[in-house]
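Have a look at final_12.cif below; it lists mmCIF, C-alpha atoms.
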data_protein
#
loop_
_atom_site.label_atom_id
_atom_site.label_comp_id
_atom_site.auth_asym_id
_atom_site.auth_seq_id
_atom_site.Cartn_x
_atom_site.Cartn_y
_atom_site.Cartn_z
CA LEU A 457 17.33 19.30 -0.60
CA LYS A 458 13.99 20.45 -1.87
CA THR A 459 10.72 18.69 -1.07
CA TYR A 460 8.92 17.39 -4.15
CA ALA A 461 5.63 16.17 -2.70
CA ALA A 462 2.14 17.28 -1.80
CA GLY A 463 2.44 20.39 0.37
CA GLY A 464 6.16 20.85 -0.45
CA PRO A 465 7.67 24.07 -1.80
CA ASP A 466 8.11 22.62 -5.29
CA ALA A 467 5.57 20.74 -7.36
CA LEU A 468 6.19 17.05 -7.88
CA LEU A 469 4.79 17.29 -11.41
CA PRO A 470 4.85 20.17 -13.88
CA PRO A 471 1.76 22.42 -13.65
CA SER A 472 0.56 21.08 -17.01
CA GLN A 473 0.23 17.61 -15.42
CA SER A 474 -1.15 18.59 -12.01
CA ALA A 475 -4.54 20.00 -12.99
CA ALA A 476 -7.43 18.27 -11.21
CA GLU A 477 -9.20 17.42 -14.47
CA GLN A 478 -6.15 15.41 -15.58
CA GLN A 479 -6.00 13.38 -12.37
CA ALA A 480 -8.23 10.57 -13.55
CA VAL A 481 -7.26 7.35 -11.80
CA GLU A 482 -9.44 4.26 -11.87
CA ILE A 483 -9.63 1.20 -9.65
CA LYS A 484 -9.28 -1.20 -12.55
CA ASN A 485 -9.10 -4.58 -10.79
CA ALA A 486 -9.48 -5.66 -7.19
CA TYR A 487 -8.89 -9.16 -5.89
CA ILE A 488 -9.58 -9.59 -2.16
CA PRO A 489 -9.36 -13.25 -1.10
CA LEU A 490 -11.05 -13.96 2.21
CA ASN A 491 -9.37 -17.28 2.95
CA GLY A 492 -5.81 -15.92 3.24
CA GLU A 493 -4.53 -18.38 0.65
CA TYR A 494 -3.58 -15.73 -1.90
CA THR A 495 -2.29 -12.18 -1.67
CA PRO A 496 -4.77 -9.34 -2.24
CA SER A 497 -4.12 -7.21 -5.31
CA ILE A 498 -5.79 -3.88 -6.05
CA GLU A 499 -4.81 -2.24 -9.34
CA LEU A 500 -4.99 1.53 -9.71
CA ARG A 501 -4.68 2.63 -13.33
CA ASN A 502 -3.78 6.00 -14.80
CA PRO A 503 -5.44 5.87 -18.25
CA SER A 504 -3.95 9.16 -19.43
CA ALA A 505 -1.64 8.78 -22.42
CA ASP A 506 0.45 11.84 -21.61
CA ALA A 507 0.14 12.87 -17.93
CA ALA A 508 1.40 11.31 -14.70
CA VAL A 509 -0.70 11.57 -11.53
CA ASP A 510 0.70 12.44 -8.10
CA VAL A 511 -1.24 10.32 -5.56
CA SER A 512 0.65 11.59 -2.50
CA GLY A 513 -1.70 11.55 0.49
CA TRP A 514 -4.51 9.79 -1.39
CA VAL A 515 -6.44 7.09 0.49
CA LEU A 516 -7.74 3.78 -0.84
CA THR A 517 -10.42 2.41 1.52
CA ASN A 518 -13.71 0.56 1.81
CA ALA A 519 -14.97 3.15 4.30
CA GLN A 520 -17.44 5.63 2.84
CA ASN A 521 -16.14 8.22 5.31
CA VAL A 522 -12.53 8.97 4.36
CA SER A 523 -11.97 10.76 7.70
CA GLU A 524 -12.56 7.42 9.46
CA ALA A 525 -9.91 5.74 7.29
CA ARG A 526 -7.40 8.59 7.76
CA ALA A 527 -7.83 8.41 11.56
CA GLU A 528 -6.91 4.70 11.74
CA PRO A 529 -3.29 3.75 12.59
CA ARG A 530 -0.91 2.56 9.85
CA SER A 531 1.19 -0.57 9.82
CA LYS A 532 4.94 -0.70 9.28
CA PRO A 533 6.07 -0.21 5.67
CA PHE A 534 8.41 -2.67 3.97
CA CYS A 535 7.61 -5.34 6.50
CA ASP A 536 7.79 -9.12 6.13
CA ASP A 537 6.24 -11.47 8.68
CA VAL A 538 9.24 -13.65 9.49
CA ALA A 539 9.99 -15.12 12.91
CA PRO A 540 13.54 -14.69 14.29
CA LYS A 541 15.80 -17.71 13.76
CA ASN A 542 18.51 -18.81 16.22
CA ALA A 543 17.79 -15.82 18.43
CA GLU A 544 17.48 -15.37 22.18
CA TYR A 545 14.12 -13.63 21.81
CA SER A 546 10.70 -14.65 20.60
CA CYS A 547 8.04 -13.05 18.43
CA GLU A 548 6.19 -12.03 21.56
CA ASP A 549 9.32 -10.25 22.82
CA LEU A 550 9.67 -8.32 19.57
CA GLN A 551 6.05 -7.20 19.66
CA ARG A 552 6.19 -6.27 23.35
CA TRP A 553 9.43 -4.30 22.93
CA GLY A 554 8.33 -2.51 19.74
CA SER A 555 11.82 -3.45 18.58
CA CYS A 556 11.76 -2.69 14.88
CA GLU A 557 14.64 -0.27 15.49
CA LEU A 558 17.07 -3.00 16.65
CA GLU A 559 19.79 -3.94 14.14
CA SER A 560 19.16 -7.64 14.81
CA VAL A 561 15.57 -7.20 13.62
CA GLN A 562 16.42 -5.19 10.53
CA LYS A 563 17.68 -6.22 7.12
CA LYS A 564 19.23 -3.40 5.11
CA GLY A 565 17.69 -0.93 7.55
CA LEU A 566 14.12 -2.23 7.19
CA CYS A 567 12.05 -4.20 9.68
CA ARG A 568 11.94 -7.84 8.57
CA LYS A 569 11.09 -9.88 11.66
CA SER A 570 7.72 -8.82 12.96
CA CYS A 571 6.19 -12.25 13.58
CA GLY A 572 2.76 -11.61 12.15
CA ASN A 573 2.68 -8.02 13.35
CA CYS A 574 3.21 -6.28 9.98
CA ARG A 575 -0.35 -5.65 8.98
CA LEU A 576 -3.07 -4.11 11.13
CA GLU A 577 -6.16 -6.28 10.67
CA LYS A 578 -8.79 -4.15 12.41
CA GLY A 579 -10.89 -1.34 11.02
CA PRO A 580 -11.78 -0.56 7.43
CA VAL A 581 -9.55 -1.61 4.54
CA ARG A 582 -7.21 1.34 4.02
CA PHE A 583 -3.95 2.46 2.46
CA THR A 584 -2.56 6.01 2.42
CA PHE A 585 -0.08 6.73 -0.38
CA ALA A 586 3.28 8.09 0.77
CA PRO A 587 4.57 11.51 -0.34
CA GLY A 588 6.18 11.26 -3.75
CA THR A 589 4.00 8.41 -5.05
CA VAL A 590 3.30 8.96 -8.74
CA ILE A 591 1.48 6.78 -11.26
CA PRO A 592 3.10 7.39 -14.67
CA SER A 593 0.95 7.90 -17.75
CA ASN A 594 -0.74 4.79 -19.11
CA SER A 595 0.53 2.74 -16.13
CA SER A 596 -0.71 0.88 -13.06
CA LEU A 597 0.19 0.74 -9.40
CA PHE A 598 -0.74 -2.31 -7.30
CA VAL A 599 -1.65 -2.26 -3.60
CA THR A 600 -1.29 -5.48 -1.59
CA ASP A 601 -1.10 -6.66 2.02
CA ASP A 602 2.47 -8.05 1.84
CA VAL A 603 4.78 -6.33 -0.66
CA VAL A 604 7.66 -8.78 -0.16
CA LYS A 605 5.48 -11.85 -0.70
CA TYR A 606 3.74 -10.26 -3.70
CA ARG A 607 7.03 -9.36 -5.41
CA ARG A 608 8.39 -12.82 -4.71
CA SER A 609 5.34 -14.37 -6.41
CA LEU A 610 5.95 -12.27 -9.54
CA ARG A 611 9.59 -13.33 -9.92
CA LYS A 612 8.76 -16.85 -11.05
CA TYR A 613 6.81 -15.36 -13.98
CA GLN A 614 9.50 -12.71 -14.65
CA MET A 615 6.90 -10.01 -14.13
CA HIS A 616 7.63 -6.52 -12.83
CA GLN A 617 4.94 -4.34 -11.27
CA PHE A 618 4.99 -1.16 -9.19
CA VAL A 619 3.72 -2.49 -5.83
CA VAL A 620 3.00 -0.68 -2.55
CA GLY A 621 1.55 -1.77 0.76
CA PRO A 622 0.63 -3.12 3.16
CA VAL A 623 -3.07 -2.44 2.92
CA ASP A 624 -4.50 -2.50 6.44
CA GLY A 625 -7.90 -3.43 7.84
CA LYS A 626 -10.28 -6.34 7.80
CA LEU A 627 -10.35 -7.84 4.30
CA GLU A 628 -13.95 -7.78 3.08
CA ARG A 629 -15.60 -7.72 -0.30
CA LYS A 630 -17.08 -4.26 0.05
CA PRO A 631 -16.91 -1.44 -2.52
CA LEU A 632 -13.52 0.32 -2.64
CA TYR A 633 -13.14 4.12 -2.78
CA LEU A 634 -10.17 6.25 -3.80
CA TYR A 635 -9.98 9.73 -2.27
CA ASN A 636 -7.44 12.40 -3.17
CA ASP A 637 -5.44 14.44 -0.65
CA ARG A 638 -8.35 16.91 -0.37
CA SER A 639 -10.75 14.01 0.44
CA ASP A 640 -12.56 14.28 -2.91
CA LEU A 641 -13.85 10.95 -4.23
CA MET A 642 -11.78 10.13 -7.34
CA ALA A 643 -12.85 6.53 -8.11
CA GLU A 644 -14.88 3.65 -6.76
CA LYS A 645 -15.16 -0.07 -7.54
CA ALA A 646 -17.85 -2.54 -6.52
CA LEU A 647 -16.50 -5.99 -5.66
CA ALA A 648 -18.33 -9.16 -6.64
#
Starting from the coordinates I provided, produce the structure as structure tokens.
Amino acid sequence: LKTYAAGGPDALLPPSQSAAEQQAVEIKNAYIPLNGEYTPSIELRNPSADAAVDVSGWVLTNAQNVSEARAEPRSKPFCDDVAPKNAEYSCEDLQRWGSCELESVQKKGLCRKSCGNCRLEKGPVRFTFAPGTVIPSNSSLFVTDDVVKYRRSLRKYQMHQFVVGPVDGKLERKPLYLYNDRSDLMAEKALA
């Protein structure tokens, strides 16, 4: 298999779509509730009508120093904060054991029972985009703190969005910054 991602031997996008001047991505909307009642939603928009943007290794953060955000640990992807039911272990056991690899904790190979341990709540707000993440032309990508919960909330409205997460860090209404894989500032958004 060949690697189609930032730093791989083959480009993820054709050279005509990978030029830096065509990589305009904006932070269009950002909703960061502080009471925990609703799910955060940060919309990144690719306004280009004819070029996709590879955001592999890009960082969305409220830290003005991207190196600080990159140095922070990441939470588990595809995680859902659900306590084990009818099991001989508790949430505390799962966290102490670091047991996301156990079959009894996984659902379709993904960690599903982390008991409130999915999202890291310390440090700056941050999310690093995985290799292979692309925002198609004239499209949006949404970043949230709980992908499973966010997708579930969209089903009742029959909506479909490209959603990634979880965004880590202390949720605060501070300006958000988007840095590319070379740590160049690509976009920023002030929050009201």
For this session: Select, from A:Phe618, A:Lys630, A:Ser497, A:Trp514, the residue with the minimum atom-to-atom distance to A:Pro592, counting only C-alpha atoms.
Result: A:Phe618
Problem set entry | Atomic separation - atom CA of A:Asn521 relative to atom CA of A:Glu644, Å |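 So the two atoms, atom CA of A:Glu644 and atom CA of A:Asn521, lie 13.0 Å apart.
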For this session: Take atom CA of A:Gly513 and atom CA of A:Gly554 and report the distance between them in Å, one decimal.
Result: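 Atom CA of A:Gly554 lies at a distance of 25.9 Å from atom CA of A:Gly513.
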Exercise. So how far away is atom CA of A:Arg582 from atom CA of A:Leu516, in Å?
Worked result: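 Between these atoms lies a distance of 5.5 Å.
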For this session: Report the residues retrieved by the PyMOL selection byres ((chain A and resi 586-591) around 6) from the displayed file, expressed as a ChimeraX atom specification.
Result: /A:461,508-512,585,592
Exercise. Hey, which of A:Ser609, A:Ser596, A:Asn542, A:Ser523 ends up closest to A:Tyr494? Count only C-alpha atoms.
Worked result: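 Ranked by minimum distance to A:Tyr494, first place goes to A:Ser609.
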Problem set entry | 12 Å contact set for A:Leu490, all atoms listed in the file, chain neighbours under 6 positions out, as a count of residues only | 6
For this session: Any chance you could resolve the PyMOL selection byres ((chain A and resi 487) around 8) against this file and give the residues as number ranges by chain?
Result: A: 485-486, 488-489, 496-498
Exercise. If you apply the PyMOL selection byres ((chain A and resi 507) around 6) to this file, what residues do you get, as number ranges by chain?
Worked result: A: 473, 504, 506, 508, 593
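Taking all atoms listed in the file into account, A:Pro631 lies nearest to A:Ile483 out of the set A:Pro503, A:Asn594, A:Glu524, A:Ile483.
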As JSON, what would the box around stretch 496-500 of chain A look like: edges along x, y and z, 5 Å added on every side, centre and edge lengths in Å to one decimal?
{"center_x": -5.0, "center_y": -3.9, "center_z": -6.0, "size_x": 11.7, "size_y": 20.9, "size_z": 17.5}
For this session: Find, counting all atoms listed in the file, the residue in A:Arg501, A:Arg552, A:Lys578, A:Arg608 that gets nearest to A:Arg530.
Result: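 Among A:Arg501, A:Arg552, A:Lys578, A:Arg608, it is A:Lys578 that comes nearest to A:Arg530.
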For this session: Find, counting all atoms listed in the file, the residue in A:Ser531, A:Gln617, A:Asn491, A:Gln520 that gets nearest to A:Leu641.
Result: A:Gln520
For this session: Give as a VMD selection string the set of residues within 7 Å of the point (-14.2, 2.7, 3.2), where distances use the file's coordinates and all atoms listed in the file.
Result: chain A and resid 517 to 522 525 580 to 581 632 to 633
For this session: Find the residue from A:Leu576, A:Leu610, A:Leu634, A:Ala643 that sits nearest to A:Pro622; use only C-alpha atoms when measuring.
Result: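 Between A:Leu576, A:Leu610, A:Leu634, A:Ala643, the residue approaching A:Pro622 most closely is A:Leu576.
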